[in-house]
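Q: Just one file: final-v2.pdb, with PDB, C-alpha atoms, pLDDT in the B column.
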ATOM      1  CA  LYS A   1      14.443  15.052  10.282  1.00 75.00           C
ATOM      2  CA  ASN A   2      12.236  15.631   7.231  1.00 78.00           C
ATOM      3  CA  GLN A   3      10.184  12.532   6.530  1.00 89.00           C
ATOM      4  CA  VAL A   4       7.120  11.470   4.582  1.00 94.00           C
ATOM      5  CA  GLU A   5       5.124   8.411   5.592  1.00 96.00           C
ATOM      6  CA  GLN A   6       2.281   6.778   3.716  1.00 97.00           C
ATOM      7  CA  SER A   7      -0.385   4.282   4.608  1.00 96.00           C
ATOM      8  CA  PRO A   8      -1.453   1.716   3.830  1.00 97.00           C
ATOM      9  CA  GLN A   9       1.581   0.159   2.174  1.00 96.00           C
ATOM     10  CA  SER A  10      -0.720  -1.717  -0.201  1.00 97.00           C
ATOM     11  CA  LEU A  11      -4.427  -1.896  -0.862  1.00 97.00           C
ATOM     12  CA  ILE A  12      -6.731  -4.112  -2.899  1.00 98.00           C
ATOM     13  CA  ILE A  13     -10.210  -2.875  -3.777  1.00 97.00           C
ATOM     14  CA  LEU A  14     -13.033  -3.913  -6.079  1.00 97.00           C
ATOM     15  CA  GLU A  15     -13.655  -1.961  -9.242  1.00 97.00           C
ATOM     16  CA  GLY A  16     -16.179   0.801  -8.647  1.00 97.00           C
ATOM     17  CA  LYS A  17     -15.367   1.216  -4.970  1.00 97.00           C
ATOM     18  CA  ASN A  18     -13.860   4.312  -3.366  1.00 98.00           C
ATOM     19  CA  CYS A  19     -10.634   4.406  -1.389  1.00 98.00           C
ATOM     20  CA  THR A  20      -8.519   6.860   0.575  1.00 98.00           C
ATOM     21  CA  LEU A  21      -4.746   6.915   0.846  1.00 98.00           C
ATOM     22  CA  GLN A  22      -2.948   8.703   3.660  1.00 98.00           C
ATOM     23  CA  CYS A  23       0.230  10.765   3.864  1.00 98.00           C
ATOM     24  CA  ASN A  24       1.871  12.191   7.009  1.00 97.00           C
ATOM     25  CA  TYR A  25       4.904  14.431   6.848  1.00 95.00           C
ATOM     26  CA  THR A  26       7.315  16.172   9.173  1.00 93.00           C
ATOM     27  CA  VAL A  27       8.826  18.507   6.567  1.00 86.00           C
ATOM     28  CA  SER A  28       9.304  22.013   7.883  1.00 83.00           C
ATOM     29  CA  PRO A  29       8.937  24.759   6.853  1.00 85.00           C
ATOM     30  CA  PHE A  30       6.381  23.350   4.466  1.00 85.00           C
ATOM     31  CA  SER A  31       6.148  24.552   0.870  1.00 85.00           C
ATOM     32  CA  ASN A  32       4.003  22.199  -1.148  1.00 89.00           C
ATOM     33  CA  LEU A  33       2.702  18.659  -1.326  1.00 93.00           C
ATOM     34  CA  ARG A  34       2.163  16.637  -4.471  1.00 93.00           C
ATOM     35  CA  TRP A  35       0.538  13.328  -5.214  1.00 96.00           C
ATOM     36  CA  TYR A  36       1.992  11.307  -8.065  1.00 96.00           C
ATOM     37  CA  LYS A  37       0.661   8.195  -9.791  1.00 97.00           C
ATOM     38  CA  GLN A  38       3.233   5.720 -11.043  1.00 97.00           C
ATOM     39  CA  ASP A  39       2.155   2.925 -13.344  1.00 96.00           C
ATOM     40  CA  THR A  40       4.348  -0.174 -13.435  1.00 93.00           C
ATOM     41  CA  GLY A  41       7.370   0.403 -15.620  1.00 90.00           C
ATOM     42  CA  ARG A  42       6.720   4.115 -16.124  1.00 93.00           C
ATOM     43  CA  GLY A  43       7.718   7.416 -14.585  1.00 94.00           C
ATOM     44  CA  PRO A  44       5.559   9.177 -11.972  1.00 95.00           C
ATOM     45  CA  VAL A  45       2.831  11.487 -13.245  1.00 95.00           C
ATOM     46  CA  SER A  46       1.577  14.396 -11.181  1.00 92.00           C
ATOM     47  CA  LEU A  47      -2.041  14.238  -9.982  1.00 95.00           C
ATOM     48  CA  THR A  48      -2.296  17.255  -7.673  1.00 93.00           C
ATOM     49  CA  ILE A  49      -0.112  19.972  -6.197  1.00 90.00           C
ATOM     50  CA  MET A  50      -1.130  21.862  -3.051  1.00 92.00           C
ATOM     51  CA  THR A  51       0.514  24.728  -1.254  1.00 88.00           C
ATOM     52  CA  PHE A  52       0.112  25.784   2.371  1.00 83.00           C
ATOM     53  CA  SER A  53      -3.013  27.828   1.699  1.00 87.00           C
ATOM     54  CA  GLU A  54      -4.896  25.102  -0.144  1.00 90.00           C
ATOM     55  CA  ASN A  55      -6.806  22.383   1.670  1.00 92.00           C
ATOM     56  CA  THR A  56      -8.402  20.516  -1.202  1.00 96.00           C
ATOM     57  CA  LYS A  57      -7.781  19.986  -4.883  1.00 95.00           C
ATOM     58  CA  SER A  58      -9.445  17.718  -7.395  1.00 95.00           C
ATOM     59  CA  ASN A  59      -8.335  16.125 -10.634  1.00 95.00           C
ATOM     60  CA  GLY A  60     -11.198  14.132 -12.091  1.00 96.00           C
ATOM     61  CA  ARG A  61     -11.937  11.212  -9.791  1.00 97.00           C
ATOM     62  CA  TYR A  62      -8.935  12.097  -7.608  1.00 97.00           C
ATOM     63  CA  THR A  63      -9.380  14.501  -4.692  1.00 97.00           C
ATOM     64  CA  ALA A  64      -6.515  15.467  -2.434  1.00 97.00           C
ATOM     65  CA  THR A  65      -6.884  17.160   0.928  1.00 97.00           C
ATOM     66  CA  LEU A  66      -4.279  18.879   3.043  1.00 96.00           C
ATOM     67  CA  ASP A  67      -4.275  19.769   6.735  1.00 94.00           C
ATOM     68  CA  ALA A  68      -1.138  21.826   7.252  1.00 90.00           C
ATOM     69  CA  ASP A  69      -1.756  22.037  10.997  1.00 91.00           C
ATOM     70  CA  THR A  70      -1.672  18.283  11.541  1.00 94.00           C
ATOM     71  CA  LYS A  71       0.698  17.764   8.595  1.00 94.00           C
ATOM     72  CA  GLN A  72      -1.549  15.224   6.971  1.00 96.00           C
ATOM     73  CA  SER A  73      -2.810  14.729   3.456  1.00 97.00           C
ATOM     74  CA  SER A  74      -5.152  12.235   1.881  1.00 98.00           C
ATOM     75  CA  LEU A  75      -5.888  11.170  -1.668  1.00 98.00           C
ATOM     76  CA  HIS A  76      -9.435   9.992  -2.282  1.00 98.00           C
ATOM     77  CA  ILE A  77     -10.225   7.977  -5.392  1.00 98.00           C
ATOM     78  CA  THR A  78     -13.862   7.798  -6.382  1.00 98.00           C
ATOM     79  CA  ALA A  79     -15.469   5.003  -8.403  1.00 97.00           C
ATOM     80  CA  SER A  80     -12.188   3.182  -8.944  1.00 97.00           C
ATOM     81  CA  GLN A  81     -11.270   1.748 -12.325  1.00 97.00           C
ATOM     82  CA  LEU A  82      -8.874  -1.021 -13.276  1.00 97.00           C
ATOM     83  CA  SER A  83      -6.549   1.636 -14.705  1.00 97.00           C
ATOM     84  CA  ASP A  84      -6.182   3.129 -11.224  1.00 98.00           C
ATOM     85  CA  SER A  85      -3.970   0.169 -10.295  1.00 98.00           C
ATOM     86  CA  ALA A  86      -0.619   1.824  -9.644  1.00 98.00           C
ATOM     87  CA  SER A  87       1.670   3.148  -6.950  1.00 97.00           C
ATOM     88  CA  TYR A  88       0.637   6.484  -5.442  1.00 98.00           C
ATOM     89  CA  ILE A  89       3.469   8.576  -4.083  1.00 97.00           C
ATOM     90  CA  CYS A  90       3.213  11.554  -1.737  1.00 97.00           C
ATOM     91  CA  VAL A  91       5.968  14.124  -2.248  1.00 94.00           C
ATOM     92  CA  VAL A  92       6.690  17.105  -0.002  1.00 92.00           C
ATOM     93  CA  SER A  93       9.082  19.994  -0.413  1.00 87.00           C
ATOM     94  CA  ALA A  94      10.274  22.580   2.065  1.00 82.00           C
ATOM     95  CA  GLN A  95      10.397  26.337   1.619  1.00 73.00           C
ATOM     96  CA  THR A  96      14.149  26.209   1.978  1.00 67.00           C
ATOM     97  CA  SER A  97      14.423  24.322  -1.295  1.00 67.00           C
ATOM     98  CA  TYR A  98      11.398  23.854  -3.522  1.00 62.00           C
ATOM     99  CA  ASP A  99      13.236  21.361  -5.666  1.00 70.00           C
ATOM    100  CA  LYS A 100      14.795  19.187  -2.994  1.00 72.00           C
ATOM    101  CA  VAL A 101      11.751  17.026  -2.552  1.00 83.00           C
ATOM    102  CA  ILE A 102      11.147  14.238  -0.066  1.00 88.00           C
ATOM    103  CA  PHE A 103       9.330  11.192  -1.383  1.00 91.00           C
ATOM    104  CA  GLY A 104       7.063   8.932   0.571  1.00 94.00           C
ATOM    105  CA  PRO A 105       7.437   5.162   0.097  1.00 94.00           C
ATOM    106  CA  GLY A 106       4.207   4.971  -1.888  1.00 96.00           C
ATOM    107  CA  THR A 107       0.965   3.017  -1.596  1.00 97.00           C
ATOM    108  CA  SER A 108       0.478   0.184  -4.048  1.00 97.00           C
ATOM    109  CA  LEU A 109      -3.156   0.073  -5.157  1.00 98.00           C
ATOM    110  CA  SER A 110      -4.671  -2.877  -6.972  1.00 98.00           C
ATOM    111  CA  VAL A 111      -8.164  -2.558  -8.409  1.00 98.00           C
ATOM    112  CA  ILE A 112      -9.694  -5.917  -9.225  1.00 97.00           C
ATOM    113  CA  PRO A 113     -12.810  -6.689 -11.254  1.00 96.00           C
TER
ATOM    114  CA  ASP B   1       5.495  17.467 -27.181  1.00 64.00           C
ATOM    115  CA  ALA B   2       7.522  14.266 -26.864  1.00 80.00           C
ATOM    116  CA  GLY B   3       7.999  14.658 -23.135  1.00 93.00           C
ATOM    117  CA  VAL B   4      11.236  13.869 -21.325  1.00 96.00           C
ATOM    118  CA  ILE B   5      13.284  11.397 -23.356  1.00 97.00           C
ATOM    119  CA  GLN B   6      15.673   8.943 -21.755  1.00 97.00           C
ATOM    120  CA  SER B   7      18.029   6.437 -23.279  1.00 97.00           C
ATOM    121  CA  PRO B   8      18.655   3.638 -23.141  1.00 97.00           C
ATOM    122  CA  ARG B   9      15.448   2.238 -21.643  1.00 96.00           C
ATOM    123  CA  HIS B  10      17.260  -0.850 -20.435  1.00 97.00           C
ATOM    124  CA  GLU B  11      20.938  -1.405 -19.739  1.00 97.00           C
ATOM    125  CA  VAL B  12      22.631  -4.571 -18.602  1.00 97.00           C
ATOM    126  CA  THR B  13      26.322  -4.357 -17.850  1.00 97.00           C
ATOM    127  CA  GLU B  14      29.006  -6.159 -15.933  1.00 97.00           C
ATOM    128  CA  MET B  15      30.464  -4.911 -12.706  1.00 97.00           C
ATOM    129  CA  GLY B  16      33.343  -2.526 -13.303  1.00 96.00           C
ATOM    130  CA  GLN B  17      32.080  -1.220 -16.621  1.00 97.00           C
ATOM    131  CA  GLU B  18      31.249   2.409 -17.305  1.00 97.00           C
ATOM    132  CA  VAL B  19      27.570   3.243 -17.746  1.00 98.00           C
ATOM    133  CA  THR B  20      26.200   6.423 -19.298  1.00 98.00           C
ATOM    134  CA  LEU B  21      22.533   7.331 -19.055  1.00 98.00           C
ATOM    135  CA  ARG B  22      21.118  10.098 -21.216  1.00 98.00           C
ATOM    136  CA  CYS B  23      18.275  12.559 -20.872  1.00 98.00           C
ATOM    137  CA  LYS B  24      16.647  15.134 -23.103  1.00 97.00           C
ATOM    138  CA  PRO B  25      14.357  17.461 -21.108  1.00 97.00           C
ATOM    139  CA  ILE B  26      11.168  18.999 -22.424  1.00 95.00           C
ATOM    140  CA  SER B  27      11.941  21.952 -24.683  1.00 93.00           C
ATOM    141  CA  GLY B  28      11.762  25.202 -22.747  1.00 91.00           C
ATOM    142  CA  HIS B  29      12.294  23.588 -19.349  1.00 92.00           C
ATOM    143  CA  ASN B  30      15.330  24.925 -17.538  1.00 90.00           C
ATOM    144  CA  SER B  31      15.468  22.662 -14.482  1.00 92.00           C
ATOM    145  CA  LEU B  32      16.549  19.043 -14.763  1.00 95.00           C
ATOM    146  CA  PHE B  33      16.577  16.337 -12.121  1.00 95.00           C
ATOM    147  CA  TRP B  34      18.105  12.871 -11.862  1.00 97.00           C
ATOM    148  CA  TYR B  35      16.418  10.339  -9.550  1.00 96.00           C
ATOM    149  CA  ARG B  36      17.063   6.737  -8.627  1.00 96.00           C
ATOM    150  CA  GLN B  37      14.336   4.289  -7.628  1.00 96.00           C
ATOM    151  CA  THR B  38      14.826   0.971  -5.851  1.00 94.00           C
ATOM    152  CA  MET B  39      12.467  -1.295  -3.979  1.00 89.00           C
ATOM    153  CA  MET B  40      14.374  -0.767  -0.754  1.00 88.00           C
ATOM    154  CA  ARG B  41      14.802   3.014  -0.826  1.00 88.00           C
ATOM    155  CA  GLY B  42      12.045   4.230  -3.136  1.00 90.00           C
ATOM    156  CA  LEU B  43      12.701   7.406  -5.148  1.00 92.00           C
ATOM    157  CA  GLU B  44      15.787   9.433  -4.289  1.00 91.00           C
ATOM    158  CA  LEU B  45      16.977  12.720  -5.748  1.00 92.00           C
ATOM    159  CA  LEU B  46      20.553  12.401  -6.967  1.00 95.00           C
ATOM    160  CA  ILE B  47      21.264  15.827  -8.464  1.00 95.00           C
ATOM    161  CA  TYR B  48      19.475  18.720 -10.102  1.00 92.00           C
ATOM    162  CA  PHE B  49      20.428  21.517 -12.460  1.00 94.00           C
ATOM    163  CA  ASN B  50      19.014  24.996 -13.028  1.00 91.00           C
ATOM    164  CA  ASN B  51      19.971  26.613 -16.331  1.00 92.00           C
ATOM    165  CA  ASN B  52      22.567  23.878 -16.916  1.00 94.00           C
ATOM    166  CA  VAL B  53      24.300  24.569 -13.592  1.00 94.00           C
ATOM    167  CA  PRO B  54      24.386  21.862 -10.895  1.00 93.00           C
ATOM    168  CA  ILE B  55      22.577  23.223  -7.836  1.00 90.00           C
ATOM    169  CA  ASP B  56      22.570  20.311  -5.414  1.00 88.00           C
ATOM    170  CA  ASP B  57      24.461  17.057  -5.841  1.00 90.00           C
ATOM    171  CA  SER B  58      24.256  15.955  -2.217  1.00 88.00           C
ATOM    172  CA  GLY B  59      22.206  12.943  -3.253  1.00 89.00           C
ATOM    173  CA  MET B  60      24.932  11.518  -5.468  1.00 93.00           C
ATOM    174  CA  PRO B  61      25.933   8.379  -3.586  1.00 86.00           C
ATOM    175  CA  GLU B  62      29.624   8.222  -4.379  1.00 85.00           C
ATOM    176  CA  ASP B  63      32.382   9.663  -6.484  1.00 91.00           C
ATOM    177  CA  ARG B  64      31.669   6.905  -8.964  1.00 95.00           C
ATOM    178  CA  PHE B  65      28.604   8.907  -9.982  1.00 97.00           C
ATOM    179  CA  SER B  66      28.880  12.069 -12.065  1.00 97.00           C
ATOM    180  CA  ALA B  67      26.372  14.156 -13.992  1.00 97.00           C
ATOM    181  CA  LYS B  68      26.754  16.812 -16.641  1.00 97.00           C
ATOM    182  CA  MET B  69      24.482  19.146 -18.517  1.00 97.00           C
ATOM    183  CA  PRO B  70      26.487  20.646 -21.394  1.00 96.00           C
ATOM    184  CA  ASN B  71      23.458  22.437 -22.844  1.00 94.00           C
ATOM    185  CA  ALA B  72      19.778  23.040 -22.199  1.00 93.00           C
ATOM    186  CA  SER B  73      18.668  19.999 -24.167  1.00 95.00           C
ATOM    187  CA  PHE B  74      20.940  17.250 -22.932  1.00 96.00           C
ATOM    188  CA  SER B  75      22.207  15.704 -19.710  1.00 98.00           C
ATOM    189  CA  THR B  76      24.151  12.585 -18.806  1.00 98.00           C
ATOM    190  CA  LEU B  77      24.517  10.538 -15.659  1.00 98.00           C
ATOM    191  CA  LYS B  78      27.656   8.439 -15.615  1.00 98.00           C
ATOM    192  CA  ILE B  79      28.640   5.601 -13.294  1.00 97.00           C
ATOM    193  CA  GLN B  80      32.264   4.512 -13.381  1.00 96.00           C
ATOM    194  CA  PRO B  81      32.962   1.838 -12.307  1.00 96.00           C
ATOM    195  CA  SER B  82      29.533   0.303 -11.923  1.00 96.00           C
ATOM    196  CA  GLU B  83      28.657  -2.077  -9.090  1.00 96.00           C
ATOM    197  CA  PRO B  84      25.748  -4.510  -8.603  1.00 96.00           C
ATOM    198  CA  ARG B  85      24.240  -2.241  -5.921  1.00 95.00           C
ATOM    199  CA  ASP B  86      23.798   0.443  -8.571  1.00 96.00           C
ATOM    200  CA  SER B  87      21.070  -1.675 -10.149  1.00 97.00           C
ATOM    201  CA  ALA B  88      17.928   0.480 -10.115  1.00 97.00           C
ATOM    202  CA  VAL B  89      15.629   2.510 -12.321  1.00 97.00           C
ATOM    203  CA  TYR B  90      17.039   5.935 -13.039  1.00 98.00           C
ATOM    204  CA  PHE B  91      14.581   8.710 -13.856  1.00 98.00           C
ATOM    205  CA  CYS B  92      15.163  12.097 -15.359  1.00 97.00           C
ATOM    206  CA  ALA B  93      12.619  14.890 -14.810  1.00 96.00           C
ATOM    207  CA  SER B  94      12.356  18.488 -15.950  1.00 95.00           C
ATOM    208  CA  ARG B  95      10.329  21.603 -15.217  1.00 91.00           C
ATOM    209  CA  VAL B  96      10.290  25.334 -15.817  1.00 84.00           C
ATOM    210  CA  ALA B  97      12.127  26.893 -12.887  1.00 73.00           C
ATOM    211  CA  GLY B  98      10.337  29.605 -10.962  1.00 67.00           C
ATOM    212  CA  THR B  99       6.837  28.908 -12.226  1.00 61.00           C
ATOM    213  CA  SER B 100       5.151  25.633 -11.349  1.00 61.00           C
ATOM    214  CA  TYR B 101       6.388  23.081  -8.888  1.00 69.00           C
ATOM    215  CA  GLU B 102       5.370  20.306 -11.233  1.00 83.00           C
ATOM    216  CA  GLN B 103       8.098  18.069 -12.546  1.00 89.00           C
ATOM    217  CA  TYR B 104       7.644  15.928 -15.633  1.00 93.00           C
ATOM    218  CA  PHE B 105       9.295  12.533 -15.478  1.00 95.00           C
ATOM    219  CA  GLY B 106      10.801  10.504 -18.271  1.00 96.00           C
ATOM    220  CA  PRO B 107      10.116   6.777 -18.710  1.00 95.00           C
ATOM    221  CA  GLY B 108      13.266   5.796 -16.839  1.00 97.00           C
ATOM    222  CA  THR B 109      16.295   3.634 -17.566  1.00 98.00           C
ATOM    223  CA  ARG B 110      16.356   0.232 -15.897  1.00 97.00           C
ATOM    224  CA  LEU B 111      19.990  -0.533 -15.067  1.00 98.00           C
ATOM    225  CA  THR B 112      21.140  -4.019 -14.139  1.00 98.00           C
ATOM    226  CA  VAL B 113      24.753  -4.522 -13.092  1.00 97.00           C
ATOM    227  CA  THR B 114      25.809  -8.164 -12.893  1.00 96.00           C
TER
END
Take the structure in the file and give it back as structure tokens.
A:
Amino acid sequence: KNQVEQSPQSLIILEGKNCTLQCNYTVSPFSNLRWYKQDTGRGPVSLTIMTFSENTKSNGRYTATLDADTKQSSLHITASQLSDSASYICVVSAQTSYDKVIFGPGTSLSVIP
Amino acid sequence: DAGVIQSPRHEVTEMGQEVTLRCKPISGHNSLFWYRQTMMRGLELLIYFNNNVPIDDSGMPEDRFSAKMPNASFSTLKIQPSEPRDSAVYFCASRVAGTSYEQYFGPGTRLTVT
């Protein structure tokens, strides 16, 4: 069964600190993995998209890594800011249907001053 | 670009009433997706269209749910009759099929069925 799991479920960090969010998936055959940021009351916004051949991608202070062999991905946030407080969702799609995505449950991040 | 537009942003209705949610995708995008988000189940794909044609509606929970896309710039998701368990945030997203995997989400419609 295709599944996406994320850890931790929630995280509280001090402003300026770094953090890493984890995503494990069992989707096969794998096509691509995306990390989305969802602010409270708003729609998800894409941070990074990685295909099978990519193992790292950055978007400003966000860096995503992908290990297709172990089926794991991480999202590293550097020098966190209060505006990073949001839910971060890992989304995976299979080659059989690029658009039929499987969402992880999300990690709720709170950055406090 | 105004992004994906959804209306209404909030809807409160009584059980048994018909509810219609509306979506205008980004101009030039030819794939459109309807999602539902709840605390218990997270984000779920309900249905998606390519070039106005429904491709996969296996996520539509029941026959009470229906979606249409009469043209490239408009789609509706209808629930008839509505039930309290339909209460959720409904998102519409769009993208250009065959190019990028990236989907652009609208702000969502928060539906409350009492």
Q: How many Å lie between CA of Leu32 in chain B and CA of Ser87 in chain A, rounded to one decimal?
A: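 Result for CA of Leu32 in chain B versus CA of Ser87 in chain A: 23.1 Å, one decimal.
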Q: Specify as an MDAnalysis selection string all residues of chain B found within 8 Å of chain A, counting all atoms listed in the file.
A: chainID B and resid 41:45 91 101:108
Q: Could you state which residues are captured by the PyMOL selection byres ((chain B and resi 2) around 10) in this file, as a list in words?
A: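 Residues picked by the PyMOL selection byres ((chain B and resi 2) around 10): Asp1, Gly3, Val4, Ile5, Lys24, Pro25, Ile26, Ser27 and Gly106 of chain B.
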Q: Please identify all polymer residues lying at most 9 Å from the point (22.0, 0.9, -20.0) (file coordinates), using all atoms listed in the file, and present the result as a VMD selection string.
A: chain B and resid 7 to 13 19 to 21 109 to 112
Q: Convert the output of the PyMOL selection byres ((chain B and resi 29) around 9) on the shown file into explicit residues, formatted as a PDB file with C-alpha atoms, keeping the file's coordinate frame.
A:
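This went into part-v6.pdb:
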ATOM      1  CA  PRO B  25      14.357  17.461 -21.108  1.00 97.00           C
ATOM      2  CA  ILE B  26      11.168  18.999 -22.424  1.00 95.00           C
ATOM      3  CA  SER B  27      11.941  21.952 -24.683  1.00 93.00           C
ATOM      4  CA  GLY B  28      11.762  25.202 -22.747  1.00 91.00           C
ATOM      5  CA  ASN B  30      15.330  24.925 -17.538  1.00 90.00           C
ATOM      6  CA  SER B  31      15.468  22.662 -14.482  1.00 92.00           C
ATOM      7  CA  LEU B  32      16.549  19.043 -14.763  1.00 95.00           C
ATOM      8  CA  ASN B  51      19.971  26.613 -16.331  1.00 92.00           C
ATOM      9  CA  ALA B  72      19.778  23.040 -22.199  1.00 93.00           C
ATOM     10  CA  SER B  73      18.668  19.999 -24.167  1.00 95.00           C
ATOM     11  CA  SER B  94      12.356  18.488 -15.950  1.00 95.00           C
ATOM     12  CA  ARG B  95      10.329  21.603 -15.217  1.00 91.00           C
ATOM     13  CA  VAL B  96      10.290  25.334 -15.817  1.00 84.00           C
ATOM     14  CA  ALA B  97      12.127  26.893 -12.887  1.00 73.00           C
TER      15      ALA B  97
END
Q: Name the residues in contact with Ser28 in chain A at a cut-off of 10 Å, using all atoms listed in the file, excluding same-chain residues fewer than 4 positions from it; report them as a VMD selection string.
A: chain A and resid 1 to 3 71 92 to 96
Q: In Å, how far is it from CA of Leu11 in chain A to CA of Val27 in chain A?
A: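 Value for the CA of Leu11 in chain A-CA of Val27 in chain A distance: 25.4 Å.
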Q: Any chance you could resolve the PyMOL selection byres ((chain A and resi 109) around 7) against this file and give the residues as a PyMOL selection string?
A: chain A and resi 10-12+85-87+107-108+110-111
Q: Which residues are close to Ala67 in chain B, i.e. within 10 Å by all atoms listed in the file, leaving aside same-chain residues fewer than 6 positions away? Reply as a compact mmCIF listing (two decimals) with C-alpha atoms, keeping the file's coordinate frame.
A:
# COMPACT_ATOMS: atom_id res chain seq x y z
CA THR B 20 26.20 6.42 -19.30
CA LEU B 21 22.53 7.33 -19.06
CA ARG B 22 21.12 10.10 -21.22
CA TRP B 34 18.10 12.87 -11.86
CA LEU B 46 20.55 12.40 -6.97
CA ILE B 47 21.26 15.83 -8.46
CA TYR B 48 19.48 18.72 -10.10
CA PHE B 49 20.43 21.52 -12.46
CA PRO B 54 24.39 21.86 -10.90
CA ASP B 57 24.46 17.06 -5.84
CA MET B 60 24.93 11.52 -5.47
CA SER B 75 22.21 15.70 -19.71
CA THR B 76 24.15 12.58 -18.81
CA LEU B 77 24.52 10.54 -15.66
CA LYS B 78 27.66 8.44 -15.62
CA ILE B 79 28.64 5.60 -13.29
Q: Suppose you want the space between CA of Asp67 in chain A and CA of Gln22 in chain A; what is it in Å?
A: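 Separation between CA of Asp67 in chain A and CA of Gln22 in chain A: 11.6 Å.
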Q: Which neighbours of Gln81 in chain A fall inside 9 Å, counting all atoms listed in the file, when residues of the same chain fewer than 4 positions from it are skipped, and could you give them as a list in words?
A: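 So the residues in contact are Leu14, Glu15, Gly16, Lys17, Ser85, Val111, Ile112 and Pro113 of chain A.
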Q: Please provide as a PyMOL selection string all residues within 12 Å of Arg61 in chain A, with the sequence filter that same-chain residues fewer than 2 positions apart are discarded (counting only C-alpha atoms).
A: chain A and resi 16-20+47-48+57-59+63-64+75-81+84
Q: Which residue gives the smallest distance to Ser66 in chain B among B:Thr114, B:Phe33, B:Gln80, B:Val53, with only C-alpha atoms counted?
A: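 Answer, going by the shortest atom-to-atom distance: B:Gln80.
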